[in-house]
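Here's the structure we're looking at; comments come further down.
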Amino acid sequence: MKSHGMRAFLILLGMTLIGVFFFFPLYWTFITSFKTSSQIFVEKPLFIIDTLYLSNYIEIFQKTNVATFFLNSVVVSGATTVISLVIATMAGFGFCRYSFIGKNALQNSVLIVRMIPALVYTIPYYIIYNKLHLLDTIIGLILAYIAFALPLAIWLAINFFSEIPKELYESAEIDGCSEYRIYSSIALPLVKAGLVVIAILVFIGAWNEFGLALVLQASDAKKTLPIGIASMIQTHKDTPSGSLAAAGMLAMIPAVILSLTTQKYIVKGTMAGAVKG
């Protein structure tokens, strides 16, 4: 019993240390966003402050285009998520529902595309977008993000749809359901938890993307939040640590909200994809 209790204690201690290791940068960013410059640049770091200094948040909205950056990120990430989810679910349903020549090769090629680093496509995208006049446009960035999000989204959708018993499809056909009705009324509701997982991964991936947005977007009116935050460093002689921390907290809001509100769906979706076979 003693050895079992010691083992449980060590596991709990290890998990606590890991939690602190990953949580501390978030806490430090949070507390820094409410510090004055004199509290930030001190010899002994302040881990706890008595009052919350809100001027950093006010300053980023008054002196920078962070509101525009945030809105652009919401539009780009939201559109990318919705369009990718529609296309991925249709593709995943088709791969699981039908048999055709070259199915396995096409299905494997979807995942292979995902293995190629995104930066490899940066120069080709720039050349193509320059000729199509899509540089520094929201639509162009959305199309690029969709292209990179689809391989993973389709691969996950295939795994989730493959969990649906074929007998359900056969019963629906006997009842006279059309293929679209089977897809929309039977298949999609059964993989709802999986769809939430796909949506979250696509959204966060688009929200945090930096490399493509840095190359394809030039003007402040079209920049997303990651690029906007990086530009705040370049436009100031002295690094505005408090303002950057405030902007960083602003960038974390969507991910935190999604994680807290969809946690049960993430668990269900992850478990559903893990029991294949």
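Residues in the structure tokens are numbered from 1 in each chain, the chains being A, B, ... in the order shown, and ligands are numbered from 1 in the order shown.
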Output as a Markdown table one row per residue of region 182-269 of chain A within 9 Å of region 92-113 of chain A: the closest atom pair and its distance in Å to one decimal place, counting only C-alpha atoms, sorted by chain and residue number ascending.
```
| residue | atom | partner | partner_atom | distance |
| --- | --- | --- | --- | --- |
| A:Tyr183 | CA | A:Phe93 | CA | 7.2 |
| A:Ala187 | CA | A:Phe93 | CA | 7.8 |
| A:Leu188 | CA | A:Phe93 | CA | 9.0 |
```
Output the selection as a CSV table (one decimal), in the first residue's frame - N, CA and C atoms for each residue.
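Dumped to part15.csv:
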```csv
chain,number,residue,atom,x,y,z
A,183,TYR,N,-26.0,12.0,-45.8
A,183,TYR,CA,-24.9,12.8,-45.4
A,183,TYR,C,-25.2,13.9,-44.3
A,187,ALA,N,-25.1,11.1,-41.2
A,187,ALA,CA,-23.7,11.0,-40.9
A,187,ALA,C,-23.2,12.2,-40.1
A,188,LEU,N,-23.5,13.4,-40.5
A,188,LEU,CA,-23.0,14.6,-39.7
A,188,LEU,C,-23.4,14.6,-38.3
```
Margin query: Nearest residue to Val75 (chain A) out of A:Thr224, A:Ser243, A:Thr262, A:Thr122, using only C-alpha atoms?
Written below: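 Checking each candidate against Val75 (chain A), we get A:Thr224 as the closest.
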Check: Nearest to Thr80 (chain A): which of A:Asp220, A:Glu163, A:Glu209, A:Asp175 is it, counting only C-alpha atoms?
Finding: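 Of A:Asp220, A:Glu163, A:Glu209, A:Asp175, the one nearest Thr80 (chain A), counting only C-alpha atoms, is A:Glu209.
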Next item on the list: Measure the distance from CA of Trp207 (chain A) to CA of Gly78 (chain A) in Å and round it to one decimal.
Entry: 8.9 Å
Checklist line | Selected residue, from A:Thr261, A:Thr81, A:Asn159, A:Thr89, that lies nearest to Phe203 (chain A) when counting only C-alpha atoms | finding: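 Using only C-alpha atoms, the shortest distance to Phe203 (chain A) belongs to A:Thr81.
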Next item on the list: Select, from A:Ile83, A:Ser241, A:Lys264, A:Ser178, the residue with the minimum atom-to-atom distance to Ser38 (chain A), counting only C-alpha atoms.
Entry: A:Ser241
Notebook entry, point to check: Taking into account only C-alpha atoms, which residue in the set A:Ala247, A:Leu143, A:Ile18, A:Leu132 is nearest to Ser33 (chain A)?
Noted result: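 Closest candidate: A:Ala247.
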Check: Using only C-alpha atoms, which of the listed residues (A:Leu258, A:Asn56, A:Ser185, A:Leu212) sits closest to Ser37 (chain A)?
Finding: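 Among the listed residues, the smallest separation from Ser37 (chain A) belongs to A:Asn56.
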Check: Residues of region 103-269 of chain A in helix (DSSP H, G or I) according to DSSP, as a PyMOL selection string?
Finding: chain A and resi 103-115+118-132+138-161+166-174+179-190+192-208+211-216+225-234+241-261+263-269
Produce a file of the selected residues containing C-alpha atoms, as a short mmCIF file (atom, residue, chain, number, x, y, z; two decimals), in the first residue's frame.
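Full text of out21.cif as output:
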```cif
data_model
loop_
_atom_site.label_atom_id
_atom_site.label_comp_id
_atom_site.auth_asym_id
_atom_site.auth_seq_id
_atom_site.Cartn_x
_atom_site.Cartn_y
_atom_site.Cartn_z
CA LYS A 103 -9.10 5.65 -53.79
CA ASN A 104 -6.25 4.49 -51.54
CA ALA A 105 -3.63 6.46 -53.48
CA LEU A 106 -5.71 9.62 -53.36
CA GLN A 107 -6.47 9.15 -49.68
CA ASN A 108 -2.80 8.68 -48.82
CA SER A 109 -1.76 11.64 -50.95
CA VAL A 110 -3.98 13.87 -48.83
CA LEU A 111 -1.86 13.12 -45.77
CA ILE A 112 1.42 13.35 -47.69
CA VAL A 113 0.63 16.94 -48.65
CA ARG A 114 0.33 17.75 -44.95
CA MET A 115 3.86 16.48 -44.31
CA ALA A 118 4.22 25.32 -45.32
CA LEU A 119 7.21 27.56 -45.98
CA VAL A 120 8.10 25.45 -49.02
CA TYR A 121 5.02 26.88 -50.74
CA THR A 122 5.71 30.48 -49.77
CA ILE A 123 7.56 31.59 -52.91
CA PRO A 124 5.21 29.79 -55.35
CA TYR A 125 2.23 31.31 -53.57
CA TYR A 126 3.78 34.77 -53.78
CA ILE A 127 4.44 34.43 -57.52
CA ILE A 128 0.97 33.06 -58.27
CA TYR A 129 -0.78 35.61 -56.07
CA ASN A 130 1.20 38.43 -57.65
CA LYS A 131 -0.05 37.44 -61.11
CA LEU A 132 -3.63 36.96 -59.88
CA ILE A 138 -8.15 38.86 -47.17
CA ILE A 139 -9.60 36.49 -49.77
CA GLY A 140 -6.14 35.41 -50.91
CA LEU A 141 -5.06 34.62 -47.36
CA ILE A 142 -8.24 32.64 -46.72
CA LEU A 143 -7.68 30.55 -49.87
CA ALA A 144 -4.09 29.83 -48.82
CA TYR A 145 -5.14 28.82 -45.31
CA ILE A 146 -7.88 26.54 -46.66
CA ALA A 147 -5.34 24.78 -48.88
CA PHE A 148 -3.13 24.04 -45.87
CA ALA A 149 -5.97 23.14 -43.52
CA LEU A 150 -7.78 20.67 -45.81
CA PRO A 151 -5.28 17.75 -45.72
CA LEU A 152 -5.47 17.36 -41.93
CA ALA A 153 -9.19 18.14 -41.85
CA ILE A 154 -9.98 15.54 -44.53
CA TRP A 155 -7.79 12.91 -42.87
CA LEU A 156 -9.53 13.43 -39.53
CA ALA A 157 -12.96 13.43 -41.18
CA ILE A 158 -12.19 10.08 -42.82
CA ASN A 159 -11.34 8.60 -39.42
CA PHE A 160 -14.51 9.91 -37.82
CA PHE A 161 -16.85 8.85 -40.65
CA LYS A 166 -22.42 0.64 -42.82
CA GLU A 167 -25.71 -0.89 -41.70
CA LEU A 168 -26.99 2.61 -40.92
CA TYR A 169 -26.38 3.69 -44.50
CA GLU A 170 -28.09 0.56 -45.80
CA SER A 171 -31.12 1.14 -43.57
CA ALA A 172 -31.34 4.74 -44.76
CA GLU A 173 -31.22 3.62 -48.39
CA ILE A 174 -34.05 1.14 -47.76
CA GLU A 179 -27.28 10.58 -50.59
CA TYR A 180 -27.45 14.17 -49.45
CA ARG A 181 -30.01 13.25 -46.78
CA ILE A 182 -27.79 10.42 -45.55
CA TYR A 183 -24.85 12.83 -45.40
CA SER A 184 -26.65 15.73 -43.71
CA SER A 185 -29.20 13.99 -41.46
CA ILE A 186 -27.41 10.78 -40.50
CA ALA A 187 -23.65 11.01 -40.94
CA LEU A 188 -22.99 14.57 -39.75
CA PRO A 189 -24.96 14.34 -36.47
CA LEU A 190 -23.15 11.11 -35.58
CA LYS A 192 -20.61 16.03 -34.29
CA ALA A 193 -17.92 15.71 -31.64
CA GLY A 194 -15.34 14.96 -34.31
CA LEU A 195 -16.42 18.01 -36.31
CA VAL A 196 -15.79 20.20 -33.28
CA VAL A 197 -12.26 18.80 -33.00
CA ILE A 198 -11.60 19.52 -36.68
CA ALA A 199 -13.03 23.02 -36.40
CA ILE A 200 -10.90 23.86 -33.36
CA LEU A 201 -7.68 22.57 -34.96
CA VAL A 202 -8.34 24.46 -38.19
CA PHE A 203 -9.34 27.66 -36.41
CA ILE A 204 -6.35 27.73 -34.06
CA GLY A 205 -4.00 26.81 -36.90
CA ALA A 206 -5.27 29.73 -38.99
CA TRP A 207 -5.38 32.06 -35.99
CA ASN A 208 -1.73 31.45 -35.06
CA GLY A 211 4.82 32.66 -42.14
CA LEU A 212 2.33 32.90 -45.00
CA ALA A 213 0.63 35.98 -43.60
CA LEU A 214 4.01 37.69 -43.26
CA VAL A 215 4.75 37.16 -46.97
CA LEU A 216 1.29 37.65 -48.46
CA LEU A 225 -3.00 39.58 -35.29
CA PRO A 226 0.30 37.60 -35.21
CA ILE A 227 1.80 39.84 -37.89
CA GLY A 228 0.40 42.94 -36.24
CA ILE A 229 1.95 42.04 -32.89
CA ALA A 230 5.31 41.44 -34.59
CA SER A 231 5.08 44.83 -36.32
CA MET A 232 4.62 46.50 -32.94
CA ILE A 233 8.20 45.53 -32.10
CA GLN A 234 9.59 46.90 -35.36
CA SER A 241 6.74 44.92 -23.18
CA GLY A 242 3.51 45.89 -21.44
CA SER A 243 1.68 46.58 -24.69
CA LEU A 244 3.02 43.40 -26.27
CA ALA A 245 1.84 41.38 -23.27
CA ALA A 246 -1.60 42.98 -23.54
CA ALA A 247 -1.76 42.18 -27.26
CA GLY A 248 -0.60 38.63 -26.48
CA MET A 249 -3.43 38.18 -24.01
CA LEU A 250 -5.85 39.47 -26.62
CA ALA A 251 -4.54 36.87 -29.05
CA MET A 252 -5.11 34.09 -26.50
CA ILE A 253 -8.80 34.88 -25.96
CA PRO A 254 -10.25 32.74 -28.82
CA ALA A 255 -8.16 29.69 -27.95
CA VAL A 256 -9.09 29.92 -24.26
CA ILE A 257 -12.79 30.36 -25.01
CA LEU A 258 -12.81 27.45 -27.46
CA SER A 259 -10.99 25.20 -25.01
CA LEU A 260 -13.34 25.97 -22.14
CA THR A 261 -16.61 25.81 -24.07
CA GLN A 263 -13.88 20.60 -23.82
CA LYS A 264 -16.42 17.76 -23.66
CA TYR A 265 -16.62 17.61 -27.46
CA ILE A 266 -12.82 17.52 -27.72
CA VAL A 267 -12.69 14.51 -25.38
CA LYS A 268 -15.50 12.70 -27.20
CA GLY A 269 -14.02 13.44 -30.62
#
```
